[in-house]
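Enquirer: My structure is in upload31.tsv, and what it holds is TSV, C-alpha atoms and all ligand atoms:
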```tsv
chain	number	residue	atom	x	y	z
F	186	MET	CA	9.60	40.04	-18.18
F	187	PRO	CA	8.68	41.21	-21.76
F	188	LEU	CA	9.70	38.15	-23.78
F	189	PRO	CA	9.50	39.13	-27.46
F	190	ASN	CA	8.23	35.81	-28.76
F	191	LEU	CA	5.85	34.97	-25.90
F	192	GLU	CA	2.80	36.01	-27.97
F	193	ALA	CA	4.06	34.10	-31.01
F	194	VAL	CA	4.45	30.91	-28.95
F	195	ALA	CA	1.04	31.43	-27.32
F	196	GLU	CA	-0.48	31.66	-30.80
F	197	LYS	CA	1.13	28.32	-31.70
F	198	ILE	CA	-0.16	26.74	-28.48
F	199	ARG	CA	-3.65	27.94	-29.40
F	200	ARG	CA	-3.42	26.37	-32.89
F	201	ALA	CA	-1.28	23.24	-32.52
F	202	PRO	CA	-3.36	20.03	-32.98
F	203	ARG	CA	-0.52	17.97	-31.35
F	204	LEU	CA	1.33	19.61	-28.44
F	205	THR	CA	4.08	17.81	-26.46
F	206	ILE	CA	5.97	19.10	-23.42
F	207	LEU	CA	9.22	17.50	-22.16
F	208	THR	CA	10.07	18.43	-18.56
F	209	GLY	CA	13.15	18.19	-16.36
F	210	ALA	CA	14.13	19.06	-12.81
F	211	GLY	CA	13.79	22.81	-13.46
F	212	VAL	CA	9.98	22.49	-13.56
F	213	SER	CA	10.04	21.17	-9.98
F	214	ALA	CA	12.58	23.74	-8.73
F	215	ALA	CA	9.82	26.15	-7.62
F	216	SER	CA	8.33	23.28	-5.55
F	217	GLY	CA	11.61	22.97	-3.63
F	218	VAL	CA	12.79	19.71	-5.28
F	219	PRO	CA	16.59	19.93	-5.74
F	220	THR	CA	17.64	19.96	-9.43
F	221	PHE	CA	20.39	17.55	-10.50
F	222	ARG	CA	23.00	20.01	-11.58
F	223	GLY	CA	21.94	22.89	-9.30
F	224	GLU	CA	24.10	23.40	-6.17
F	225	GLN	CA	21.41	21.57	-4.11
F	226	GLY	CA	21.78	18.51	-6.37
F	227	LEU	CA	24.84	17.38	-4.44
F	228	TRP	CA	24.30	15.00	-1.49
F	229	ARG	CA	27.18	14.36	0.92
F	230	GLN	CA	29.34	15.65	-1.99
F	231	PHE	CA	28.17	12.81	-4.23
F	232	ARG	CA	27.06	13.79	-7.77
F	233	PRO	CA	23.80	12.07	-8.77
F	234	GLU	CA	25.65	10.08	-11.45
F	235	ASP	CA	27.89	8.60	-8.72
F	236	LEU	CA	24.92	7.04	-6.91
F	237	ALA	CA	22.26	6.49	-9.60
F	238	ASN	CA	23.91	3.40	-11.09
F	239	ILE	CA	23.85	-0.36	-10.48
F	240	GLU	CA	27.56	-0.55	-9.60
F	241	ALA	CA	27.12	1.96	-6.73
F	242	PHE	CA	24.06	-0.01	-5.54
F	243	ARG	CA	25.92	-3.33	-5.61
F	244	ARG	CA	28.90	-1.75	-3.83
F	245	ASP	CA	26.87	-0.06	-1.08
F	246	PRO	CA	23.07	-0.50	-1.20
F	247	VAL	CA	22.68	1.23	2.19
F	248	LEU	CA	24.42	4.40	0.91
F	249	VAL	CA	22.30	4.49	-2.25
F	250	TRP	CA	19.13	3.91	-0.22
F	251	GLU	CA	20.06	6.64	2.26
F	252	TRP	CA	20.30	9.02	-0.73
F	253	TYR	CA	16.89	7.96	-2.03
F	254	ALA	CA	15.40	8.16	1.48
F	255	TRP	CA	16.76	11.73	1.73
F	256	ARG	CA	15.20	12.64	-1.62
F	257	ARG	CA	11.86	11.01	-0.63
F	258	GLU	CA	11.84	13.00	2.62
F	259	ARG	CA	12.61	16.25	0.71
F	260	THR	CA	10.09	15.57	-2.04
F	261	ALA	CA	7.33	14.43	0.34
F	262	THR	CA	7.15	18.01	1.69
F	263	CYS	CA	6.86	19.52	-1.82
F	264	GLN	CA	3.64	20.45	-3.64
F	265	PRO	CA	3.09	20.74	-7.39
F	266	ASN	CA	3.71	24.38	-8.46
F	267	VAL	CA	1.85	26.52	-11.03
F	268	ALA	CA	4.03	25.09	-13.83
F	269	HIS	CA	2.75	21.58	-13.01
F	270	GLU	CA	-0.82	22.92	-12.77
F	271	VAL	CA	-0.71	24.59	-16.20
F	272	LEU	CA	0.67	21.41	-17.81
F	273	ALA	CA	-1.96	19.31	-16.01
F	274	ARG	CA	-4.68	21.57	-17.50
F	275	TRP	CA	-3.16	21.45	-20.99
F	276	SER	CA	-2.90	17.65	-20.76
F	277	GLN	CA	-6.70	17.42	-20.59
F	278	ARG	CA	-6.88	18.65	-24.18
F	279	LYS	CA	-6.88	16.21	-27.11
F	280	GLY	CA	-3.46	15.81	-28.77
F	281	CYS	CA	-1.47	17.02	-25.72
F	282	ALA	CA	1.19	14.81	-24.11
F	283	VAL	CA	3.65	15.36	-21.26
F	284	VAL	CA	6.96	13.47	-21.11
F	285	THR	CA	9.04	13.83	-17.94
F	286	GLN	CA	12.52	12.92	-16.76
F	287	ASN	CA	11.47	13.73	-13.19
F	288	VAL	CA	11.00	10.95	-10.64
F	289	ASP	CA	9.15	13.15	-8.09
F	290	ASP	CA	5.63	12.34	-9.43
F	291	LEU	CA	4.55	15.99	-8.98
F	292	HIS	CA	3.00	15.86	-12.47
F	293	ILE	CA	0.83	12.97	-11.28
F	294	ARG	CA	-0.13	14.83	-8.11
F	295	ALA	CA	-1.13	17.83	-10.26
F	296	GLY	CA	-3.53	15.56	-12.22
F	297	THR	CA	-1.58	15.35	-15.48
F	298	ARG	CA	-3.01	12.99	-18.12
F	299	HIS	CA	-1.12	11.38	-21.05
F	300	LEU	CA	2.06	11.43	-18.94
F	301	THR	CA	5.16	9.35	-19.80
F	302	ARG	CA	7.66	8.99	-16.95
F	303	LEU	CA	10.94	8.13	-18.69
F	304	HIS	CA	13.06	7.51	-15.59
F	305	GLY	CA	10.64	5.94	-13.11
F	306	SER	CA	9.47	7.14	-9.69
F	307	LEU	CA	10.93	7.79	-6.21
F	308	TRP	CA	7.74	6.20	-4.82
F	309	GLU	CA	7.98	2.90	-6.69
F	310	LEU	CA	10.24	0.00	-5.71
F	311	ARG	CA	11.03	-3.35	-7.18
F	312	CYS	CA	12.82	-6.54	-6.23
F	313	ALA	CA	16.53	-6.08	-6.96
F	314	SER	CA	16.79	-9.71	-8.08
F	315	ALA	CA	14.84	-8.75	-11.21
F	316	ALA	CA	17.08	-8.25	-14.26
F	317	ARG	CA	15.62	-5.24	-16.11
F	318	HIS	CA	16.99	-2.28	-18.01
F	319	GLY	CA	19.92	-4.31	-19.32
F	320	ALA	CA	21.58	-4.59	-15.85
F	321	GLY	CA	22.84	-8.14	-15.11
F	322	ARG	CA	20.96	-10.16	-12.44
F	323	ALA	CA	22.14	-9.53	-8.88
F	324	GLY	CA	24.24	-12.72	-8.57
F	325	SER	CA	22.04	-15.57	-7.29
F	326	ASN	CA	20.81	-17.94	-10.03
F	327	ARG	CA	17.38	-18.26	-8.36
F	328	ALA	CA	14.48	-17.40	-10.70
F	329	SER	CA	14.24	-13.64	-10.48
F	330	CYS	CA	11.17	-12.24	-8.74
F	331	GLU	CA	9.68	-9.48	-10.91
F	332	HIS	CA	7.73	-7.99	-8.00
F	333	SER	CA	7.29	-4.17	-8.06
F	334	TRP	CA	5.14	-2.04	-5.75
F	335	ARG	CA	4.40	1.55	-4.66
F	336	ASP	CA	5.50	2.67	-1.18
F	337	GLU	CA	5.02	6.29	-0.12
F	338	ARG	CA	5.95	5.77	3.54
F	339	VAL	CA	8.40	8.44	4.84
F	340	PRO	CA	10.55	7.35	6.50
F	341	LEU	CA	10.78	3.85	5.10
F	342	PRO	CA	10.60	1.47	8.12
F	343	GLU	CA	13.73	-0.39	6.98
F	344	ILE	CA	16.87	0.72	5.03
F	345	PRO	CA	17.60	-1.07	2.78
F	346	PRO	CA	13.99	-2.18	2.19
F	347	ARG	CA	13.31	-5.80	1.22
F	348	CYS	CA	11.02	-7.39	-1.37
F	349	PRO	CA	7.77	-8.31	0.46
F	350	ARG	CA	7.39	-11.32	-1.85
F	351	CYS	CA	10.83	-13.00	-1.77
F	352	GLY	CA	12.73	-11.12	0.93
F	353	GLU	CA	15.50	-10.15	-1.51
F	354	LEU	CA	16.97	-6.63	-1.46
F	355	ALA	CA	14.63	-4.03	-3.01
F	356	ARG	CA	15.76	-1.17	-5.25
F	357	PRO	CA	14.08	2.07	-6.42
F	358	ASP	CA	12.06	1.38	-9.61
F	359	ILE	CA	14.10	4.07	-11.31
F	360	VAL	CA	16.22	4.01	-14.52
F	361	TRP	CA	19.84	4.41	-13.51
F	362	PHE	CA	22.69	5.64	-15.68
F	363	GLY	CA	23.87	2.81	-17.93
F	364	GLU	CA	20.44	1.16	-17.79
F	365	THR	CA	18.04	1.13	-20.71
F	366	LEU	CA	14.63	2.77	-20.40
F	367	ARG	CA	11.41	0.70	-20.66
F	368	GLN	CA	10.68	0.10	-24.32
F	369	GLU	CA	7.04	1.19	-23.93
F	370	ASP	CA	8.14	4.54	-22.47
F	371	VAL	CA	10.69	5.17	-25.23
F	372	LYS	CA	8.04	4.32	-27.85
F	373	ALA	CA	5.45	6.61	-26.20
F	374	ALA	CA	7.95	9.48	-25.90
F	375	THR	CA	9.16	9.12	-29.50
F	376	ALA	CA	5.56	9.04	-30.76
F	377	ALA	CA	4.74	12.13	-28.67
F	378	ALA	CA	7.76	13.96	-30.11
F	379	ARG	CA	6.24	13.58	-33.56
F	380	CYS	CA	3.94	16.58	-32.96
F	381	ASP	CA	3.21	20.12	-34.24
F	382	LEU	CA	4.60	21.99	-31.23
F	383	PHE	CA	7.32	20.59	-28.93
F	384	ILE	CA	8.16	22.51	-25.74
F	385	THR	CA	11.19	21.50	-23.63
F	386	ALA	CA	10.99	23.02	-20.14
F	387	GLY	CA	13.43	22.98	-17.21
F	388	THR	CA	15.97	20.54	-18.57
F	389	SER	CA	19.74	20.88	-19.14
F	390	ALA	CA	19.27	18.57	-22.18
F	391	LEU	CA	22.39	16.55	-21.29
F	392	VAL	CA	20.96	13.11	-20.50
F	393	HIS	CA	20.09	10.70	-23.31
F	394	PRO	CA	17.85	9.41	-24.77
F	395	ALA	CA	15.57	12.20	-23.36
F	396	ALA	CA	17.87	14.89	-24.79
F	397	GLY	CA	17.34	13.44	-28.28
F	398	LEU	CA	13.57	14.03	-28.31
F	399	VAL	CA	13.81	17.68	-29.43
F	400	HIS	CA	15.77	16.52	-32.49
F	401	GLU	CA	13.13	13.83	-33.13
F	402	ALA	CA	10.50	16.59	-33.00
F	403	ARG	CA	12.42	18.81	-35.42
F	404	ARG	CA	12.82	15.91	-37.84
F	405	ALA	CA	9.04	15.47	-37.66
F	406	GLY	CA	8.56	19.16	-38.63
F	407	ALA	CA	7.45	20.36	-35.19
F	408	VAL	CA	7.98	23.96	-34.06
F	409	THR	CA	10.32	23.71	-31.06
F	410	VAL	CA	10.46	25.93	-27.96
F	411	GLU	CA	12.81	25.94	-24.94
F	412	ILE	CA	11.83	27.34	-21.52
F	413	ASN	CA	14.90	27.71	-19.28
F	414	PRO	CA	16.53	30.65	-17.48
F	415	GLU	CA	19.90	29.37	-18.70
F	416	ALA	CA	21.20	28.38	-22.14
F	417	THR	CA	21.53	24.68	-22.88
F	418	PRO	CA	22.96	22.61	-25.78
F	419	VAL	CA	19.56	22.88	-27.55
F	420	SER	CA	19.10	26.67	-27.19
F	421	SER	CA	20.75	27.16	-30.59
F	422	VAL	CA	18.63	24.40	-32.14
F	423	VAL	CA	15.06	25.37	-31.15
F	424	ASP	CA	12.85	27.88	-33.02
F	425	HIS	CA	11.98	29.90	-29.91
F	426	VAL	CA	13.88	30.37	-26.61
F	427	LEU	CA	11.86	31.71	-23.67
F	428	ALA	CA	14.63	32.52	-21.20
F	429	GLY	CA	13.03	32.47	-17.76
F	430	PRO	CA	11.58	30.28	-15.01
F	431	ALA	CA	8.85	27.78	-15.98
F	432	GLU	CA	6.63	28.85	-13.07
F	433	GLU	CA	6.42	32.34	-14.63
F	434	ILE	CA	6.46	31.56	-18.35
F	435	LEU	CA	3.97	28.66	-18.45
F	436	PRO	CA	1.15	30.58	-16.69
F	437	ALA	CA	1.87	33.60	-18.95
F	438	LEU	CA	1.64	31.38	-22.05
F	439	ASP	CA	-1.52	29.76	-20.68
F	440	LEU	CA	-3.18	33.13	-20.17
F	441	LEU	CA	-2.17	34.46	-23.61
F	442	SER	CA	-3.14	31.23	-25.40
F	443	ARG	CA	-6.63	31.35	-23.83
F	444	SER	CA	-7.35	35.04	-24.58
F	501	LIG	C1	20.86	4.45	-21.62
F	501	LIG	C2	16.84	8.75	-12.61
F	501	LIG	C3	21.42	2.52	-22.94
F	501	LIG	C4	17.83	8.61	-11.53
F	501	LIG	C5	18.09	9.65	-14.48
F	501	LIG	C6	24.51	9.44	-25.83
F	501	LIG	C7	25.45	10.43	-25.66
F	501	LIG	C8	26.09	10.56	-24.41
F	501	LIG	C9	25.79	9.73	-23.33
F	501	LIG	C10	24.85	8.77	-23.51
F	501	LIG	C11	24.23	8.61	-24.75
F	501	LIG	N1	23.37	7.58	-24.62
F	501	LIG	C12	23.45	7.07	-23.35
F	501	LIG	C13	24.34	7.78	-22.66
F	501	LIG	C14	24.69	7.55	-21.28
F	501	LIG	C15	23.75	8.29	-20.30
F	501	LIG	C16	23.81	9.79	-20.45
F	501	LIG	O1	23.00	10.40	-21.13
F	501	LIG	N2	24.80	10.36	-19.75
F	501	LIG	C17	24.91	11.84	-19.74
F	501	LIG	C18	25.23	12.27	-18.31
F	501	LIG	C19	25.93	12.30	-20.72
F	501	LIG	N3	22.36	7.83	-20.49
F	501	LIG	C20	21.99	6.70	-19.85
F	501	LIG	O2	22.73	6.03	-19.16
F	501	LIG	C21	20.55	6.27	-20.06
F	501	LIG	N4	20.53	4.86	-20.39
F	501	LIG	O3	21.13	5.23	-22.51
F	501	LIG	O4	20.90	3.07	-21.73
F	501	LIG	C22	22.86	2.81	-22.92
F	501	LIG	C23	23.58	2.53	-21.76
F	501	LIG	C24	24.95	2.81	-21.76
F	501	LIG	C25	25.59	3.40	-22.85
F	501	LIG	C26	24.84	3.67	-24.01
F	501	LIG	C27	23.47	3.38	-24.04
F	501	LIG	C28	19.74	6.40	-18.76
F	501	LIG	C29	19.58	7.84	-18.41
F	501	LIG	C30	18.63	7.98	-17.20
F	501	LIG	C31	19.40	8.12	-15.92
F	501	LIG	N5	18.48	8.42	-14.81
F	501	LIG	N6	17.22	9.88	-13.45
F	501	LIG	C32	17.43	9.39	-10.29
F	501	LIG	O5	16.72	10.39	-10.43
F	501	LIG	O6	17.85	9.00	-9.21
F	501	LIG	S1	18.68	11.00	-15.38
F	501	LIG	C33	18.44	12.37	-14.34
F	501	LIG	O7	19.39	13.33	-14.77
F	501	LIG	C34	17.10	13.06	-14.48
F	501	LIG	O8	16.04	12.15	-14.60
F	501	LIG	C35	17.31	13.89	-15.73
F	501	LIG	O9	17.13	13.12	-16.89
F	501	LIG	C36	18.77	14.26	-15.63
F	501	LIG	C37	18.91	15.61	-14.98
F	501	LIG	O10	18.61	16.52	-15.97
F	501	LIG	P1	17.52	17.67	-15.73
F	501	LIG	O11	16.23	17.09	-15.31
F	501	LIG	O12	17.55	18.50	-16.95
F	501	LIG	O13	18.09	18.48	-14.45
F	501	LIG	P2	19.41	19.38	-14.36
F	501	LIG	O14	19.60	19.66	-12.93
F	501	LIG	O15	20.50	18.78	-15.14
F	501	LIG	O16	19.00	20.74	-15.13
F	501	LIG	C38	17.96	21.52	-14.62
F	501	LIG	C39	17.73	22.58	-15.69
F	501	LIG	O17	16.61	23.36	-15.28
F	501	LIG	C40	18.91	23.54	-15.87
F	501	LIG	O18	19.14	23.73	-17.26
F	501	LIG	C41	18.42	24.84	-15.21
F	501	LIG	O19	18.92	25.98	-15.88
F	501	LIG	C42	16.93	24.72	-15.41
F	501	LIG	N7	16.12	25.43	-14.40
F	501	LIG	C43	16.42	25.68	-13.09
F	501	LIG	N8	15.37	26.32	-12.49
F	501	LIG	C44	14.40	26.45	-13.46
F	501	LIG	C45	14.87	25.86	-14.66
F	501	LIG	N9	14.15	25.82	-15.80
F	501	LIG	C46	12.90	26.40	-15.75
F	501	LIG	N10	12.37	26.97	-14.62
F	501	LIG	C47	13.08	27.03	-13.47
F	501	LIG	N11	12.55	27.59	-12.39
```
Could I get this structure in the form of structure tokens?
Expert:
Amino acid sequence: MPLPNLEAVAEKIRRAPRLTILTGAGVSAASGVPTFRGEQGLWRQFRPEDLANIEAFRRDPVLVWEWYAWRRERTATCQPNVAHEVLARWSQRKGCAVVTQNVDDLHIRAGTRHLTRLHGSLWELRCASAARHGAGRAGSNRASCEHSWRDERVPLPEIPPRCPRCGELARPDIVWFGETLRQEDVKAATAAARCDLFITAGTSALVHPAAGLVHEARRAGAVTVEINPEATPVSSVVDHVLAGPAEEILPALDLLSRS
């Protein structure tokens, strides 16, 4: 897998005072987590976009929860892979930040520091009565209960789960399509993009605002690198394309940047 610019990128990793890595589903592929647009991304023929939105949840919360329960069961059997481990090690260094679109929390399980989770977590729930992310309140005009909690039980004892505080329907504490991200996460990700070296790994770069971060980095003068076996809309924009799987390229870069 002689990648011509591997050494050049390793040199930049060695020297960059501020290094930021944006990750997508491709970084978890080697752990067995289905990617969104890969053939495994489909569930009962539903595309993720069809289920990951408030309208689908209002229409049929049981269906949406069965999808999330399926993903929790799949992800619960997955371990962080070497790509997560390399990024966890890099994140210990000053000036290094990891921004992820993934909701599988494998970066957390690998021990990653300075991590921004843009789209939430499969393992965190919140009361569906809470109006957040720009989605209107779920109907009743009772004061909304802002309760959120972590629940790693597989299987969940009850589908759909209920808020332990007010008994209302619970929802995944995940950012759905059409919902705005948490301001603090957008701020942290934008600040992290203003770096010296920005690596985007395992993402199809189609979903916004995450897909805009590489442009933010370029505007800030960062050297930009893409790690992906396939071309994406940003392949023609970045300074270096490393066309291959993250679980092979990241350990190779790690080795070269430490020698
Ligand atoms: C918002 C949680 C305000 C859910 C997710 C501007 C232009 C166009 C559209 C928009 C825009 N601004 C807003 C939008 C609308 C929308 C959007 O971007 N739509 C897209 C589809 C066009 N964005 C939103 O709705 C966002 N909210 O903007 O609010 C607003 C609202 C309305 C209108 C305007 C503004 C909220 C977006 C967040 C949605 N939630 N996840 C859940 O998980 O259940 S997004 C979800 O999809 C993931 O988190 C991730 O972000 C995305 C999937 O992308 P990837 O992770 O990249 O995965 P994918 O499968 O696509 O690709 C995998 C890649 O890996 C491939 O390239 C493959 O080649 C590669 N690969 C495979 N194996 C490997 C590998 N790479 C390396 N190694 C390997 N081994």
Enquirer: Using all atoms listed in the file, list the residues that have an atom at most 9 Å from (1.0, 15.3, -11.7), coordinates as in the file, as a PyMOL selection string.
Expert: chain F and resi 265+269-270+272-273+290-298+300
Enquirer: For CA of Pro346 in chain F and CA of Trp250 in chain F, quote the distance in Å rounded to one decimal.
Expert: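 A separation of 8.3 Å between them.
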Enquirer: Within 6 Å of ligand LIG 501 (chain F), counting all atoms listed in the file, which protein or nucleic acid residues do you find, written as a PyMOL selection string?
Expert: chain F and resi 209-212+214-215+220-223+237+286-288+304+359-365+386-394+412-415+430-431
Enquirer: Given only C-alpha atoms, how would the per-residue table for range 213-319 of chain F near range 336-340 of chain F read, listing every residue at most 12 Å away with its closest atom pair and distance in Å to one decimal, sorted by chain and number, as JSON lines?
Expert:
```
{"residue": "F:Trp250", "atom": "CA", "partner": "F:Pro340", "partner_atom": "CA", "distance": 11.4}
{"residue": "F:Glu251", "atom": "CA", "partner": "F:Pro340", "partner_atom": "CA", "distance": 10.4}
{"residue": "F:Tyr253", "atom": "CA", "partner": "F:Pro340", "partner_atom": "CA", "distance": 10.6}
{"residue": "F:Ala254", "atom": "CA", "partner": "F:Pro340", "partner_atom": "CA", "distance": 7.0}
{"residue": "F:Trp255", "atom": "CA", "partner": "F:Pro340", "partner_atom": "CA", "distance": 9.0}
{"residue": "F:Arg256", "atom": "CA", "partner": "F:Val339", "partner_atom": "CA", "distance": 10.3}
{"residue": "F:Arg257", "atom": "CA", "partner": "F:Val339", "partner_atom": "CA", "distance": 7.0}
{"residue": "F:Glu258", "atom": "CA", "partner": "F:Val339", "partner_atom": "CA", "distance": 6.1}
{"residue": "F:Arg259", "atom": "CA", "partner": "F:Val339", "partner_atom": "CA", "distance": 9.8}
{"residue": "F:Thr260", "atom": "CA", "partner": "F:Val339", "partner_atom": "CA", "distance": 10.1}
{"residue": "F:Ala261", "atom": "CA", "partner": "F:Val339", "partner_atom": "CA", "distance": 7.6}
{"residue": "F:Thr262", "atom": "CA", "partner": "F:Val339", "partner_atom": "CA", "distance": 10.2}
{"residue": "F:Asp289", "atom": "CA", "partner": "F:Glu337", "partner_atom": "CA", "distance": 11.3}
{"residue": "F:Asp290", "atom": "CA", "partner": "F:Glu337", "partner_atom": "CA", "distance": 11.1}
{"residue": "F:Ser306", "atom": "CA", "partner": "F:Asp336", "partner_atom": "CA", "distance": 10.4}
{"residue": "F:Leu307", "atom": "CA", "partner": "F:Glu337", "partner_atom": "CA", "distance": 8.6}
{"residue": "F:Trp308", "atom": "CA", "partner": "F:Glu337", "partner_atom": "CA", "distance": 5.4}
{"residue": "F:Glu309", "atom": "CA", "partner": "F:Asp336", "partner_atom": "CA", "distance": 6.0}
{"residue": "F:Leu310", "atom": "CA", "partner": "F:Asp336", "partner_atom": "CA", "distance": 7.1}
{"residue": "F:Arg311", "atom": "CA", "partner": "F:Asp336", "partner_atom": "CA", "distance": 10.1}
```
Enquirer: Counting all atoms listed in the file, which of F:Cys348, F:Leu398, F:Val283, F:Trp334 gets nearest to Val271 in chain F?
Expert: F:Val283
Enquirer: Starting from the incomplete input, reconstruct N, CA, C and O atoms of range 360-374 of chain F and report them as an mmCIF file, keeping the file's coordinate frame.
Expert:
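The resulting file, selection-v5.cif, is reproduced below:
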```
data_model
loop_
_atom_site.group_PDB
_atom_site.id
_atom_site.type_symbol
_atom_site.label_atom_id
_atom_site.label_comp_id
_atom_site.auth_asym_id
_atom_site.auth_seq_id
_atom_site.Cartn_x
_atom_site.Cartn_y
_atom_site.Cartn_z
ATOM 1 N N VAL F 360 15.226 4.324 -13.482
ATOM 2 C CA VAL F 360 16.220 4.010 -14.520
ATOM 3 C C VAL F 360 17.532 4.667 -14.142
ATOM 4 O O VAL F 360 17.617 5.896 -14.067
ATOM 5 N N TRP F 361 18.529 3.866 -13.885
ATOM 6 C CA TRP F 361 19.840 4.410 -13.510
ATOM 7 C C TRP F 361 20.710 4.608 -14.732
ATOM 8 O O TRP F 361 20.442 4.081 -15.818
ATOM 9 N N PHE F 362 21.753 5.425 -14.573
ATOM 10 C CA PHE F 362 22.690 5.640 -15.680
ATOM 11 C C PHE F 362 23.285 4.294 -16.091
ATOM 12 O O PHE F 362 23.561 3.441 -15.256
ATOM 13 N N GLY F 363 23.360 4.074 -17.409
ATOM 14 C CA GLY F 363 23.870 2.810 -17.930
ATOM 15 C C GLY F 363 22.785 1.765 -18.079
ATOM 16 O O GLY F 363 23.027 0.672 -18.599
ATOM 17 N N GLU F 364 21.562 2.092 -17.646
ATOM 18 C CA GLU F 364 20.440 1.160 -17.790
ATOM 19 C C GLU F 364 19.505 1.650 -18.889
ATOM 20 O O GLU F 364 19.304 2.857 -19.045
ATOM 21 N N THR F 365 18.962 0.719 -19.645
ATOM 22 C CA THR F 365 18.040 1.130 -20.710
ATOM 23 C C THR F 365 16.672 1.465 -20.145
ATOM 24 O O THR F 365 16.262 0.916 -19.128
ATOM 25 N N LEU F 366 15.981 2.384 -20.804
ATOM 26 C CA LEU F 366 14.630 2.770 -20.400
ATOM 27 C C LEU F 366 13.659 1.656 -20.818
ATOM 28 O O LEU F 366 13.988 0.818 -21.644
ATOM 29 N N ARG F 367 12.444 1.666 -20.255
ATOM 30 C CA ARG F 367 11.410 0.700 -20.660
ATOM 31 C C ARG F 367 11.061 0.984 -22.113
ATOM 32 O O ARG F 367 10.825 2.142 -22.477
ATOM 33 N N GLN F 368 10.977 -0.078 -22.884
ATOM 34 C CA GLN F 368 10.680 0.100 -24.320
ATOM 35 C C GLN F 368 9.379 0.868 -24.527
ATOM 36 O O GLN F 368 9.295 1.779 -25.345
ATOM 37 N N GLU F 369 8.350 0.539 -23.708
ATOM 38 C CA GLU F 369 7.040 1.190 -23.930
ATOM 39 C C GLU F 369 7.128 2.690 -23.659
ATOM 40 O O GLU F 369 6.468 3.498 -24.329
ATOM 41 N N ASP F 370 8.002 3.099 -22.740
ATOM 42 C CA ASP F 370 8.140 4.540 -22.470
ATOM 43 C C ASP F 370 8.892 5.239 -23.602
ATOM 44 O O ASP F 370 8.529 6.342 -24.013
ATOM 45 N N VAL F 371 9.935 4.569 -24.114
ATOM 46 C CA VAL F 371 10.690 5.170 -25.230
ATOM 47 C C VAL F 371 9.772 5.307 -26.443
ATOM 48 O O VAL F 371 9.737 6.357 -27.097
ATOM 49 N N LYS F 372 8.973 4.278 -26.685
ATOM 50 C CA LYS F 372 8.040 4.320 -27.850
ATOM 51 C C LYS F 372 7.027 5.459 -27.659
ATOM 52 O O LYS F 372 6.808 6.271 -28.565
ATOM 53 N N ALA F 373 6.465 5.555 -26.455
ATOM 54 C CA ALA F 373 5.450 6.610 -26.200
ATOM 55 C C ALA F 373 6.071 7.995 -26.350
ATOM 56 O O ALA F 373 5.479 8.893 -26.964
ATOM 57 N N ALA F 374 7.302 8.160 -25.838
ATOM 58 C CA ALA F 374 7.950 9.480 -25.900
ATOM 59 C C ALA F 374 8.316 9.846 -27.340
ATOM 60 O O ALA F 374 8.122 10.992 -27.774
#
```
